[in-house]
$ cat coords_37.csv   # CSV, C-alpha atoms and all ligand atoms
chain,number,residue,atom,x,y,z
A,1,MET,CA,0.0,0.0,0.0
A,2,GLY,CA,1.7,3.2,-1.1
A,3,GLY,CA,0.6,6.7,-0.4
A,4,MET,CA,-1.1,6.5,3.0
A,5,THR,CA,-0.5,10.2,3.8
A,6,THR,CA,-3.4,12.6,3.3
A,7,ARG,CA,-3.1,15.5,0.9
A,8,GLU,CA,-3.2,19.0,2.3
A,9,THR,CA,-6.3,20.0,0.4
A,10,THR,CA,-9.0,19.3,2.9
A,11,GLY,CA,-8.3,21.8,5.7
A,12,PRO,CA,-10.6,24.7,6.8
A,13,ALA,CA,-9.2,27.1,4.2
A,14,TYR,CA,-11.2,25.2,1.5
A,15,GLY,CA,-14.9,25.1,0.9
A,16,ASP,CA,-17.1,22.2,1.7
A,17,GLY,CA,-17.3,21.0,-1.9
A,18,THR,CA,-13.5,21.0,-2.3
A,19,ARG,CA,-13.0,19.2,1.0
A,20,ALA,CA,-15.7,16.6,0.2
A,21,VAL,CA,-14.2,15.6,-3.2
A,22,ARG,CA,-10.6,15.4,-1.7
A,23,ALA,CA,-11.3,14.0,1.8
A,24,GLY,CA,-9.1,11.1,2.8
A,25,LEU,CA,-7.4,10.8,-0.6
A,26,PRO,CA,-3.8,9.5,-0.3
A,27,GLU,CA,-0.9,11.2,-2.0
A,28,PRO,CA,-0.9,10.4,-5.7
A,29,VAL,CA,1.1,7.3,-6.6
A,30,ARG,CA,2.1,6.9,-10.3
A,31,HIS,CA,-0.1,4.3,-12.0
A,32,GLU,CA,-2.3,4.0,-8.9
A,33,PRO,CA,-6.0,5.1,-8.8
A,34,THR,CA,-7.0,8.3,-7.1
A,35,LEU,CA,-9.0,6.4,-4.5
A,36,PRO,CA,-7.4,3.0,-4.0
A,37,GLY,CA,-9.9,0.1,-4.5
A,38,PRO,CA,-11.3,-2.0,-1.6
A,39,VAL,CA,-8.8,-4.3,0.0
A,40,PHE,CA,-10.4,-7.6,0.7
A,41,ALA,CA,-8.3,-9.3,3.3
A,42,ALA,CA,-9.0,-11.3,6.4
A,43,HIS,CA,-5.3,-11.1,7.3
A,44,PHE,CA,-2.1,-9.5,6.1
A,45,HIS,CA,1.4,-10.8,5.6
A,46,LEU,CA,2.9,-10.6,9.1
A,47,PRO,CA,6.2,-12.4,9.7
A,48,GLY,CA,7.9,-12.0,13.0
A,49,GLU,CA,6.6,-9.4,15.6
A,50,PRO,CA,2.9,-8.8,15.1
A,51,THR,CA,3.0,-5.0,14.7
A,52,GLY,CA,0.6,-2.8,12.7
A,53,PRO,CA,-0.6,-1.0,10.8
A,54,TYR,CA,-2.2,-4.0,9.3
A,55,THR,CA,-2.4,-7.3,11.0
A,56,TYR,CA,-5.9,-8.9,11.1
A,57,GLY,CA,-9.0,-7.8,9.3
A,58,ARG,CA,-11.2,-7.3,12.4
A,59,ASP,CA,-8.7,-4.7,13.7
A,60,GLU,CA,-7.6,-2.7,10.7
A,61,ASN,CA,-8.1,-2.5,6.9
A,62,PRO,CA,-6.5,0.1,4.5
A,63,THR,CA,-9.9,0.9,3.0
A,64,TRP,CA,-11.2,1.9,6.4
A,65,THR,CA,-8.1,4.0,7.0
A,66,HIS,CA,-8.9,6.1,3.9
A,67,LEU,CA,-12.5,6.4,4.8
A,68,GLU,CA,-11.8,7.2,8.5
A,69,ARG,CA,-9.4,10.0,7.5
A,70,ALA,CA,-12.0,11.4,5.1
A,71,LEU,CA,-14.7,11.4,7.8
A,72,GLY,CA,-12.3,13.0,10.3
A,73,GLU,CA,-11.5,15.7,7.9
A,74,LEU,CA,-15.1,16.5,7.3
A,75,GLU,CA,-16.1,16.4,11.0
A,76,ALA,CA,-13.1,18.5,12.2
A,77,PRO,CA,-11.4,20.3,9.3
A,78,GLY,CA,-7.8,21.1,10.1
A,79,GLU,CA,-7.9,19.7,13.6
A,80,GLU,CA,-5.0,17.5,14.7
A,81,GLY,CA,-5.7,14.6,17.0
A,82,VAL,CA,-9.2,13.7,15.9
A,83,GLU,CA,-9.6,10.0,15.5
A,84,THR,CA,-12.4,8.4,13.6
A,85,LEU,CA,-13.5,4.8,13.7
A,86,ALA,CA,-15.8,3.2,11.1
A,87,PHE,CA,-18.4,0.6,12.1
A,88,ALA,CA,-20.8,-1.8,10.4
A,89,SER,CA,-23.8,0.4,11.0
A,90,GLY,CA,-24.9,3.5,12.9
A,91,MET,CA,-26.2,1.3,15.8
A,92,ALA,CA,-22.8,-0.4,16.0
A,93,ALA,CA,-21.2,3.0,16.4
A,94,ILE,CA,-23.7,4.3,18.9
A,95,SER,CA,-23.5,1.1,21.0
A,96,ALA,CA,-19.7,1.3,20.9
A,97,VAL,CA,-19.7,4.7,22.6
A,98,LEU,CA,-22.4,3.9,25.1
A,99,PHE,CA,-21.2,0.4,26.1
A,100,SER,CA,-17.5,1.3,26.1
A,101,GLN,CA,-17.9,4.5,28.2
A,102,LEU,CA,-20.5,3.5,30.7
A,103,ARG,CA,-20.1,1.1,33.7
A,104,ALA,CA,-22.5,-0.3,36.2
A,105,GLY,CA,-23.5,2.4,38.6
A,106,ASP,CA,-23.0,5.2,36.0
A,107,SER,CA,-25.9,7.4,34.8
A,108,VAL,CA,-26.6,8.4,31.2
A,109,VAL,CA,-29.0,10.9,29.7
A,110,LEU,CA,-30.6,9.9,26.5
A,111,PRO,CA,-33.2,11.9,24.4
A,112,SER,CA,-36.8,10.6,24.9
A,113,ASP,CA,-37.6,11.4,21.3
A,114,GLY,CA,-34.5,10.0,19.6
A,115,TYR,CA,-33.9,7.2,17.1
A,116,GLN,CA,-36.4,4.4,17.5
A,117,VAL,CA,-33.8,1.8,18.6
A,118,LEU,CA,-32.6,3.9,21.6
A,119,PRO,CA,-35.3,2.5,23.9
A,120,LEU,CA,-33.9,-1.0,23.2
A,121,VAL,CA,-30.4,0.3,24.0
A,122,ALA,CA,-31.8,1.9,27.2
A,123,GLU,CA,-33.2,-1.5,28.2
A,124,GLN,CA,-29.9,-3.2,27.7
A,125,LEU,CA,-28.0,-0.4,29.6
A,126,THR,CA,-30.4,-0.8,32.5
A,127,ALA,CA,-29.9,-4.5,32.5
A,128,PHE,CA,-26.2,-3.8,32.9
A,129,GLY,CA,-26.8,-1.7,36.0
A,130,ILE,CA,-26.5,1.7,34.3
A,131,GLU,CA,-29.1,4.3,35.2
A,132,VAL,CA,-30.9,5.8,32.1
A,133,ARG,CA,-32.6,9.1,32.3
A,134,THR,CA,-34.5,10.6,29.3
A,135,ALA,CA,-35.8,14.0,28.4
A,136,PRO,CA,-37.0,15.6,25.2
A,137,THR,CA,-34.6,17.3,22.7
A,138,GLY,CA,-36.7,20.5,22.4
A,139,ASP,CA,-36.1,23.4,24.8
A,140,ASP,CA,-32.8,21.8,25.9
A,141,ALA,CA,-34.9,19.8,28.4
A,142,GLN,CA,-32.0,17.3,28.9
A,143,LEU,CA,-30.3,20.0,31.0
A,144,ASP,CA,-32.8,19.3,33.8
A,145,VAL,CA,-31.7,15.7,34.3
A,146,LEU,CA,-27.9,16.1,33.8
A,147,GLU,CA,-26.8,16.2,37.4
A,148,GLY,CA,-24.2,13.4,38.1
A,149,ALA,CA,-24.5,11.8,34.7
A,150,ARG,CA,-21.4,10.3,33.2
A,151,LEU,CA,-22.6,10.8,29.6
A,152,LEU,CA,-25.1,13.0,27.8
A,153,TRP,CA,-26.4,11.7,24.5
A,154,ILE,CA,-27.8,14.4,22.1
A,155,GLU,CA,-29.6,13.8,18.8
A,156,THR,CA,-30.2,17.0,16.9
A,157,PRO,CA,-32.1,17.5,14.8
A,158,SER,CA,-34.1,14.6,16.3
A,159,ASN,CA,-35.4,11.8,14.2
A,160,PRO,CA,-38.3,11.9,13.3
A,161,GLY,CA,-39.6,14.9,15.2
A,162,LEU,CA,-37.0,17.4,13.9
A,163,ASP,CA,-36.5,19.2,17.2
A,164,VAL,CA,-33.2,20.9,17.7
A,165,CYS,CA,-31.3,21.6,20.9
A,166,ASP,CA,-28.5,24.0,21.6
A,167,ILE,CA,-25.3,21.9,21.4
A,168,ARG,CA,-23.0,24.6,22.8
A,169,ARG,CA,-25.3,25.3,25.8
A,170,LEU,CA,-25.7,21.6,26.6
A,171,VAL,CA,-22.0,21.0,26.3
A,172,ALA,CA,-21.2,23.9,28.6
A,173,ALA,CA,-23.6,22.6,31.3
A,174,ALA,CA,-22.4,19.0,30.9
A,175,HIS,CA,-18.7,19.8,31.0
A,176,ALA,CA,-19.2,22.0,34.1
A,177,ARG,CA,-20.4,18.7,35.8
A,178,GLY,CA,-17.7,16.5,34.3
A,179,THR,CA,-20.2,14.9,31.9
A,180,LEU,CA,-19.1,13.7,28.5
A,181,VAL,CA,-21.2,14.7,25.5
A,182,ALA,CA,-21.9,12.6,22.4
A,183,VAL,CA,-24.0,14.0,19.4
A,184,ASP,CA,-25.8,11.8,16.9
A,185,ASN,CA,-24.9,13.7,13.7
A,186,THR,CA,-26.8,11.4,11.3
A,187,LEU,CA,-29.5,13.8,10.1
A,188,ALA,CA,-27.2,16.8,9.7
A,189,THR,CA,-24.1,15.1,8.3
A,190,PRO,CA,-20.7,16.8,8.9
A,191,LEU,CA,-21.6,19.3,6.1
A,192,GLY,CA,-24.7,20.3,8.1
A,193,GLN,CA,-23.2,20.4,11.6
A,194,ARG,CA,-19.8,19.9,13.2
A,195,PRO,CA,-20.5,18.8,16.8
A,196,LEU,CA,-16.8,18.5,17.8
A,197,GLU,CA,-16.3,22.2,16.9
A,198,LEU,CA,-19.4,23.0,19.0
A,199,GLY,CA,-17.6,21.3,22.0
A,200,ALA,CA,-18.9,17.8,22.0
A,201,ASP,CA,-16.6,14.9,22.9
A,202,PHE,CA,-18.0,12.5,20.3
A,203,SER,CA,-19.6,13.0,17.0
A,204,VAL,CA,-21.4,9.7,16.1
A,205,ALA,CA,-23.4,9.0,13.0
A,206,SER,CA,-25.1,6.5,10.8
A,207,GLY,CA,-23.5,6.7,7.4
A,208,THR,CA,-26.4,4.7,6.0
A,209,LYS,CA,-28.5,7.8,5.4
A,210,MET,CA,-27.5,11.1,3.8
A,211,LEU,CA,-23.8,10.7,4.3
A,212,THR,CA,-23.6,8.1,1.6
A,213,GLY,CA,-26.9,8.9,0.0
A,214,HIS,CA,-27.7,6.0,-2.3
A,215,GLY,CA,-29.6,3.7,0.0
A,216,ASP,CA,-27.3,0.8,-0.9
A,217,LEU,CA,-25.2,0.2,2.3
A,218,LEU,CA,-25.1,0.4,6.1
A,219,LEU,CA,-22.2,2.1,7.9
A,220,GLY,CA,-21.5,4.1,11.0
A,221,TYR,CA,-18.6,6.0,12.6
A,222,VAL,CA,-17.4,7.7,15.8
A,223,ALA,CA,-15.1,10.7,15.7
A,224,SER,CA,-13.5,12.2,18.8
A,225,ALA,CA,-10.3,14.0,19.9
A,226,ASN,CA,-10.4,12.2,23.3
A,227,ALA,CA,-7.6,9.6,22.8
A,228,GLY,CA,-8.4,7.6,26.0
A,229,ALA,CA,-12.1,7.4,25.1
A,230,MET,CA,-11.3,6.3,21.6
A,231,ALA,CA,-9.0,3.6,22.7
A,232,ALA,CA,-12.0,2.1,24.6
A,233,VAL,CA,-14.2,2.6,21.5
A,234,ARG,CA,-11.6,0.8,19.4
A,235,ARG,CA,-11.4,-2.0,21.9
A,236,TRP,CA,-15.2,-2.3,21.8
A,237,ARG,CA,-15.1,-2.7,18.0
A,238,LYS,CA,-12.5,-5.4,18.3
A,239,ILE,CA,-14.5,-7.3,21.0
A,240,VAL,CA,-17.8,-7.1,19.3
A,241,GLY,CA,-16.5,-7.2,15.7
A,242,ALA,CA,-19.0,-4.8,14.3
A,243,ILE,CA,-16.8,-3.9,11.4
A,244,PRO,CA,-17.7,-2.5,8.0
A,245,GLY,CA,-17.0,-4.7,5.0
A,246,PRO,CA,-14.3,-3.3,2.7
A,247,MET,CA,-16.8,-2.9,-0.2
A,248,GLU,CA,-19.2,-0.8,2.0
A,249,ALA,CA,-16.3,1.3,3.3
A,250,TRP,CA,-15.1,2.0,-0.3
A,251,LEU,CA,-18.6,2.8,-1.6
A,252,ALA,CA,-19.0,5.1,1.3
A,253,HIS,CA,-15.8,7.0,0.6
A,254,ARG,CA,-16.7,7.2,-3.1
A,255,SER,CA,-20.1,8.7,-2.2
A,256,LEU,CA,-18.5,11.4,0.0
A,257,ALA,CA,-17.3,13.2,-3.1
A,258,THR,CA,-20.9,14.2,-4.0
A,259,LEU,CA,-22.0,15.0,-0.4
A,260,ARG,CA,-21.8,18.7,-1.0
A,261,LEU,CA,-23.8,18.5,-4.2
A,262,ARG,CA,-26.4,16.2,-2.6
A,263,ALA,CA,-26.7,18.1,0.6
A,264,ASP,CA,-27.1,21.4,-1.1
A,265,ARG,CA,-29.7,20.1,-3.6
A,266,GLN,CA,-31.7,18.0,-1.1
A,267,SER,CA,-31.7,20.8,1.5
A,268,ALA,CA,-32.9,23.4,-1.0
A,269,THR,CA,-35.6,21.1,-2.4
A,270,ALA,CA,-36.7,20.1,1.2
A,271,LEU,CA,-37.3,23.8,1.9
A,272,ALA,CA,-39.3,24.2,-1.3
A,273,VAL,CA,-41.3,21.2,-0.4
A,274,ALA,CA,-41.9,22.4,3.1
A,275,GLU,CA,-43.1,25.8,1.7
A,276,ALA,CA,-45.4,24.0,-0.7
A,277,LEU,CA,-46.9,21.8,2.0
A,278,ARG,CA,-47.5,24.6,4.5
A,279,GLY,CA,-50.2,26.1,2.2
A,280,ARG,CA,-52.3,22.9,2.4
A,281,PRO,CA,-55.2,22.7,4.9
A,282,GLU,CA,-54.9,18.9,5.4
A,283,VAL,CA,-51.2,19.3,6.5
A,284,SER,CA,-50.6,19.9,10.2
A,285,GLY,CA,-47.6,19.8,12.4
A,286,LEU,CA,-45.3,20.7,9.5
A,287,ARG,CA,-41.6,20.7,10.6
A,288,TYR,CA,-38.4,21.6,8.8
A,289,PRO,CA,-35.6,23.3,10.6
A,290,GLY,CA,-34.9,25.5,7.5
A,291,LEU,CA,-38.3,27.1,7.6
A,292,PRO,CA,-37.7,30.6,9.1
A,293,ASP,CA,-40.7,30.2,11.4
A,294,ASP,CA,-40.1,26.6,12.5
A,295,PRO,CA,-39.6,26.3,16.3
A,296,SER,CA,-36.2,24.8,15.6
A,297,HIS,CA,-35.0,27.4,13.2
A,298,ARG,CA,-33.4,30.0,15.6
A,299,ILE,CA,-30.9,27.5,17.1
A,300,ALA,CA,-30.5,25.4,13.9
A,301,ALA,CA,-29.4,28.6,12.1
A,302,ARG,CA,-26.8,29.2,14.7
A,303,GLN,CA,-25.2,25.8,14.7
A,304,MET,CA,-26.0,24.2,11.3
A,305,GLN,CA,-24.7,25.0,7.8
A,306,ARG,CA,-27.5,23.1,6.1
A,307,PHE,CA,-30.8,21.9,7.4
A,308,GLY,CA,-31.0,18.5,5.9
A,309,CYS,CA,-33.4,16.6,3.7
A,310,VAL,CA,-36.1,15.4,6.1
A,311,VAL,CA,-39.5,17.1,6.3
A,312,SER,CA,-42.2,15.8,8.7
A,313,PHE,CA,-45.9,16.5,8.8
A,314,THR,CA,-49.2,15.0,9.8
A,315,LEU,CA,-52.2,14.1,7.7
A,316,PRO,CA,-55.7,13.9,9.3
A,317,SER,CA,-55.8,10.1,9.6
A,318,ARG,CA,-53.9,6.9,9.1
A,319,ALA,CA,-56.1,6.0,6.1
A,320,ARG,CA,-55.4,9.4,4.5
A,321,ALA,CA,-51.7,9.0,5.1
A,322,ASP,CA,-51.8,5.5,3.5
A,323,ARG,CA,-53.7,6.8,0.4
A,324,PHE,CA,-51.3,9.7,0.1
A,325,LEU,CA,-48.2,7.4,0.1
A,326,ASP,CA,-49.9,5.1,-2.4
A,327,ALA,CA,-50.7,8.0,-4.7
A,328,LEU,CA,-47.1,9.2,-4.9
A,329,ARG,CA,-45.2,8.3,-8.1
A,330,LEU,CA,-41.7,9.8,-7.4
A,331,VAL,CA,-41.5,9.0,-3.7
A,332,ASP,CA,-41.0,5.4,-2.6
A,333,ASP,CA,-42.8,4.1,0.5
A,334,ALA,CA,-39.7,3.1,2.4
A,335,THR,CA,-38.0,3.7,5.7
A,336,SER,CA,-34.6,5.3,6.1
A,337,PHE,CA,-33.8,8.7,4.7
A,338,GLY,CA,-31.1,10.8,2.9
A,339,GLY,CA,-31.0,9.0,-0.4
A,340,VAL,CA,-30.9,10.6,-3.8
A,341,ARG,CA,-34.4,9.0,-4.5
A,342,SER,CA,-37.1,10.5,-2.3
A,343,THR,CA,-38.8,8.2,0.2
A,344,ALA,CA,-41.6,8.6,2.7
A,345,GLU,CA,-43.3,6.5,5.3
A,346,ARG,CA,-46.1,6.6,7.9
A,347,ARG,CA,-43.8,6.5,10.8
A,348,GLY,CA,-46.4,5.2,13.2
A,349,ARG,CA,-46.4,1.8,11.4
A,350,TRP,CA,-43.2,0.8,13.4
A,351,GLY,CA,-44.8,1.6,16.8
A,352,GLY,CA,-41.5,2.9,18.3
A,353,ASP,CA,-42.1,6.7,18.0
A,354,ALA,CA,-44.6,8.8,19.9
A,355,VAL,CA,-46.2,10.2,16.7
A,356,PRO,CA,-49.8,10.6,15.5
A,357,GLU,CA,-51.2,7.9,13.2
A,358,GLY,CA,-51.1,10.2,10.2
A,359,PHE,CA,-47.5,11.3,10.8
A,360,ILE,CA,-45.3,11.2,7.6
A,361,ARG,CA,-41.6,11.4,7.5
A,362,LEU,CA,-40.5,12.5,4.1
A,363,SER,CA,-37.0,12.3,2.8
A,364,VAL,CA,-36.4,14.7,-0.1
A,365,GLY,CA,-34.1,13.3,-2.8
A,366,ALA,CA,-32.3,14.8,-5.7
A,367,GLU,CA,-35.2,14.9,-8.2
A,368,ASP,CA,-36.1,18.2,-9.9
A,369,PRO,CA,-37.9,20.3,-7.2
A,370,GLU,CA,-40.8,21.1,-9.5
A,371,ASP,CA,-41.4,17.5,-10.3
A,372,LEU,CA,-41.3,16.5,-6.6
A,373,VAL,CA,-43.6,19.3,-5.4
A,374,ALA,CA,-46.1,18.5,-8.2
A,375,ASP,CA,-46.0,14.8,-7.2
A,376,LEU,CA,-46.6,15.6,-3.5
A,377,LEU,CA,-49.4,18.1,-4.1
A,378,GLY,CA,-51.0,15.8,-6.7
A,379,ALA,CA,-51.0,12.9,-4.2
A,380,LEU,CA,-52.6,15.2,-1.6
A,381,ASP,CA,-55.3,15.9,-4.0
A,382,THR,CA,-55.8,12.3,-5.1
A,383,SER,CA,-55.9,11.1,-1.5
A,384,ALA,CA,-58.6,13.5,-0.3
A,385,GLU,CA,-61.9,11.7,0.5
B,1,LIG,C1,-30.7,5.4,11.1
B,1,LIG,C2,-30.3,6.1,12.3
B,1,LIG,C3,-29.4,5.4,13.2
B,1,LIG,C4,-29.0,4.0,13.1
B,1,LIG,O1,-28.2,3.8,11.9
B,1,LIG,P1,-28.1,2.4,11.2
B,1,LIG,O2,-27.0,2.6,10.2
B,1,LIG,O3,-29.4,2.0,10.6
B,1,LIG,O4,-27.7,1.4,12.2
B,1,LIG,C5,-29.0,6.1,14.4
B,1,LIG,N1,-29.4,7.4,14.6
B,1,LIG,C6,-30.2,8.0,13.7
B,1,LIG,C7,-30.6,9.4,14.0
B,1,LIG,C8,-30.7,7.4,12.6
B,1,LIG,O5,-31.5,8.1,11.8

$ encode --input "coords_37.csv" --output "structure tokens" --more "lines below"
Ligand SMILES: *Cc1c(COP(=O)(O)O)cnc(C)c1O
Amino acid sequence: MGGMTTRETTGPAYGDGTRAVRAGLPEPVRHEPTLPGPVFAAHFHLPGEPTGPYTYGRDENPTWTHLERALGELEAPGEEGVETLAFASGMAAISAVLFSQLRAGDSVVLPSDGYQVLPLVAEQLTAFGIEVRTAPTGDDAQLDVLEGARLLWIETPSNPGLDVCDIRRLVAAAHARGTLVAVDNTLATPLGQRPLELGADFSVASGTKMLTGHGDLLLGYVASANAGAMAAVRRWRKIVGAIPGPMEAWLAHRSLATLRLRADRQSATALAVAEALRGRPEVSGLRYPGLPDDPSHRIAARQMQRFGCVVSFTLPSRARADRFLDALRLVDDATSFGGVRSTAERRGRWGGDAVPEGFIRLSVGAEDPEDLVADLLGALDTSAE
């Protein structure tokens, strides 16, 4: 493997698009590709002393190295000492932080309105003797239950409710009490929000969604400048073995090059869609952090560079929501979000979120905005009684 040093073109002096296309690229090597292909290896030649960088495929892989550098450069441009670790999925990354940092007797604060798997995680933490407290994301309500906690877990914007909390404010309160802070950066992506710069100890995300954007792989990562904490996260990855496949890691890295284009386009179209939906009488509870009068907008505008591609709203009934989804032509009825093809779902069908029966989570893709708006408004018309 030649050329493992990163080029100096991804620092803070460059724009997001420039950094996205160059992130994690090794120094050019004559006759080698720009982004080296996936390395499929369970083990590496290792005569004598078993020293790294590459020994066994559960511990390291050169394809991860490139991707981890890229993600670190996007999460913390120009910062030395930020380490990033790639995982098999967002949940693998989230679990790695929680289960490596918490011990029996510790307390942790989770959002009560976060990703739908968090309640299962909370059950498991409790079974291991960890006290779990929850509070909503909105109004920085997690502040009220912080006292004595070892770790504060923030998800902003929250999925699927799209509430936003003030990361800087929560970090200041947490650090004053010796509490570590992790931010789930899935919805925003590092081009939407940089939690480490806002003071968080960990930025954790699912790369399955907007980060990679094509709906064809699962991935997760943890980024942090806390070397001790990251040693424990790395150890957890080794113990549990929740590692990304080389193909997924390579596809993810390849997809980062278009992150700026996708994030710009999808955010702009999401705003246009939200503006079109707000004029409709059957739409209530419309949320998009980019709407100037959204309850999340003031704080979102302070800490986010882009507001993401998810718009949520509620239709009058479950039946209406189902008819609406059925009438859409350009929007697939599917879960997940962030892909170049728009998707939507009636979130209540999973049973894990506290949402009304007619609640729709819409993920805006890269289609032409006029086509998408026309499809959505047409489906509202068709689905009316
Ligand atoms: C999807 C999601 C996750 C879990 O990611 P996977 O890659 O599906 O494991 C975690 N947090 C948020 C906010 C998500 O949307």

$ closest_atom_pairs --input "coords_37.csv" --of "chain A" --to "ligand LIG 1 (chain B)" --cutoff "7 Å" --atoms "only C-alpha atoms and all ligand atoms" --output "CSV"
residue,atom,partner,partner_atom,distance
A:Ser89,CA,B:LIG1,O2,4.0
A:Gly90,CA,B:LIG1,O1,3.5
A:Met91,CA,B:LIG1,O4,3.9
A:Ala92,CA,B:LIG1,O4,6.5
A:Gly114,CA,B:LIG1,C7,6.9
A:Tyr115,CA,B:LIG1,C7,5.0
A:Glu155,CA,B:LIG1,C7,6.6
A:Ser158,CA,B:LIG1,C7,6.7
A:Asn159,CA,B:LIG1,C7,5.4
A:Asp184,CA,B:LIG1,C7,6.1
A:Thr186,CA,B:LIG1,C7,5.1
A:Leu187,CA,B:LIG1,C7,6.0
A:Ala205,CA,B:LIG1,N1,6.4
A:Ser206,CA,B:LIG1,O1,4.3
A:Gly207,CA,B:LIG1,O2,6.1
A:Thr208,CA,B:LIG1,O2,4.7
A:Lys209,CA,B:LIG1,C1,6.6
A:Leu218,CA,B:LIG1,O2,5.0
A:Leu219,CA,B:LIG1,O2,5.3
A:Gly220,CA,B:LIG1,O2,5.8
A:Ser336,CA,B:LIG1,C1,6.3

$ write_last_selection --input "coords_37.csv" --atoms "C-alpha atoms" --output "short mmCIF file (atom, residue, chain, number, x, y, z; two decimals), keeping the file's coordinate frame"
data_model
loop_
_atom_site.label_atom_id
_atom_site.label_comp_id
_atom_site.auth_asym_id
_atom_site.auth_seq_id
_atom_site.Cartn_x
_atom_site.Cartn_y
_atom_site.Cartn_z
CA SER A 89 -23.80 0.40 11.00
CA GLY A 90 -24.90 3.50 12.90
CA MET A 91 -26.20 1.30 15.80
CA ALA A 92 -22.80 -0.40 16.00
CA GLY A 114 -34.50 10.00 19.60
CA TYR A 115 -33.90 7.20 17.10
CA GLU A 155 -29.60 13.80 18.80
CA SER A 158 -34.10 14.60 16.30
CA ASN A 159 -35.40 11.80 14.20
CA ASP A 184 -25.80 11.80 16.90
CA THR A 186 -26.80 11.40 11.30
CA LEU A 187 -29.50 13.80 10.10
CA ALA A 205 -23.40 9.00 13.00
CA SER A 206 -25.10 6.50 10.80
CA GLY A 207 -23.50 6.70 7.40
CA THR A 208 -26.40 4.70 6.00
CA LYS A 209 -28.50 7.80 5.40
CA LEU A 218 -25.10 0.40 6.10
CA LEU A 219 -22.20 2.10 7.90
CA GLY A 220 -21.50 4.10 11.00
CA SER A 336 -34.60 5.30 6.10
#

$ residues_near_point --input "coords_37.csv" --point "(-20.7, 5.8, 13.3)" --cutoff "12 Å" --atoms "only C-alpha atoms" --output "PyMOL selection string"
chain A and resi 67-68+71-72+75+84-97+182-186+189-190+202-209+211+218-224+233+237+242-244+249

$ residues_near_point --input "coords_37.csv" --point "(-7.3, 8.4, 5.2)" --cutoff "7 Å" --atoms "all atoms listed in the file" --output "list of chain:residue names"
A:Met4, A:Thr6, A:Gly24, A:Leu25, A:Pro26, A:Thr65, A:His66, A:Leu67, A:Glu68, A:Arg69, A:Ala70

$ closest_residue --input "coords_37.csv" --among "A:Thr34, A:Thr258, A:Ser267, A:Ser342" --to "Thr18 in chain A" --atoms "all atoms listed in the file"
A:Thr258

$ closest_atom_pairs --input "coords_37.csv" --of "range 165-228 of chain A" --to "range 128-146 of chain A" --cutoff "7 Å" --atoms "only C-alpha atoms" --output "JSON lines"
{"residue": "A:Cys165", "atom": "CA", "partner": "A:Asp140", "partner_atom": "CA", "distance": 5.2}
{"residue": "A:Asp166", "atom": "CA", "partner": "A:Asp140", "partner_atom": "CA", "distance": 6.5}
{"residue": "A:Leu170", "atom": "CA", "partner": "A:Leu143", "partner_atom": "CA", "distance": 6.6}
{"residue": "A:Ala174", "atom": "CA", "partner": "A:Leu146", "partner_atom": "CA", "distance": 6.9}

$ atom_distance --input "coords_37.csv" --atom1 "CA of Gly285 in chain A" --atom2 "CA of Thr314 in chain A"
5.7 Å

$ residues_around --input "coords_37.csv" --residues "Gly148 in chain A" --least-positions-apart "6" --cutoff "12 Å" --atoms "all atoms listed in the file" --output "list of chain:residue names"
A:Gly105, A:Asp106, A:Ser107, A:Val108, A:Val109, A:Glu131, A:Val132, A:Arg133, A:Ala173, A:Ala174, A:His175, A:Ala176, A:Arg177, A:Gly178, A:Thr179, A:Leu180

$ closest_residue --input "coords_37.csv" --among "A:Arg320, A:His297, A:Arg22, A:His214" --to "Ala252 in chain A" --atoms "all atoms listed in the file"
A:His214

$ atom_distance --input "coords_37.csv" --atom1 "CA of Met247 in chain A" --atom2 "CA of Tyr56 in chain A"
16.8 Å

$ residues_around --input "coords_37.csv" --residues "Lys238 in chain A" --least-positions-apart "3" --cutoff "7 Å" --atoms "only C-alpha atoms" --output "JSON, numbers by chain"
{"A": [58, 59, 234, 235, 241]}

$ residues_around --input "coords_37.csv" --residues "Leu380 in chain A" --least-positions-apart "4" --cutoff "12 Å" --atoms "only C-alpha atoms" --output "ChimeraX atom specification"
/A:276-277,279-283,314-316,320-328,373-376,384-385

$ residues_around --input "coords_37.csv" --residues "range 360-370 of chain A" --least-positions-apart "2" --cutoff "6 Å" --atoms "all atoms listed in the file" --output "PDB file with C-alpha atoms, in the coordinates of the input"
ATOM      1  CA  GLN A 266     -31.700  18.000  -1.100  1.00  0.00           C
ATOM      2  CA  THR A 269     -35.600  21.100  -2.400  1.00  0.00           C
ATOM      3  CA  ALA A 270     -36.700  20.100   1.200  1.00  0.00           C
ATOM      4  CA  CYS A 309     -33.400  16.600   3.700  1.00  0.00           C
ATOM      5  CA  VAL A 310     -36.100  15.400   6.100  1.00  0.00           C
ATOM      6  CA  VAL A 311     -39.500  17.100   6.300  1.00  0.00           C
ATOM      7  CA  SER A 312     -42.200  15.800   8.700  1.00  0.00           C
ATOM      8  CA  PHE A 313     -45.900  16.500   8.800  1.00  0.00           C
ATOM      9  CA  THR A 314     -49.200  15.000   9.800  1.00  0.00           C
ATOM     10  CA  PHE A 337     -33.800   8.700   4.700  1.00  0.00           C
ATOM     11  CA  GLY A 339     -31.000   9.000  -0.400  1.00  0.00           C
ATOM     12  CA  VAL A 340     -30.900  10.600  -3.800  1.00  0.00           C
ATOM     13  CA  ARG A 341     -34.400   9.000  -4.500  1.00  0.00           C
ATOM     14  CA  SER A 342     -37.100  10.500  -2.300  1.00  0.00           C
ATOM     15  CA  THR A 343     -38.800   8.200   0.200  1.00  0.00           C
ATOM     16  CA  ALA A 344     -41.600   8.600   2.700  1.00  0.00           C
ATOM     17  CA  GLU A 345     -43.300   6.500   5.300  1.00  0.00           C
ATOM     18  CA  ARG A 346     -46.100   6.600   7.900  1.00  0.00           C
ATOM     19  CA  ARG A 347     -43.800   6.500  10.800  1.00  0.00           C
ATOM     20  CA  LEU A 372     -41.300  16.500  -6.600  1.00  0.00           C
ATOM     21  CA  VAL A 373     -43.600  19.300  -5.400  1.00  0.00           C
TER      22      VAL A 373
END
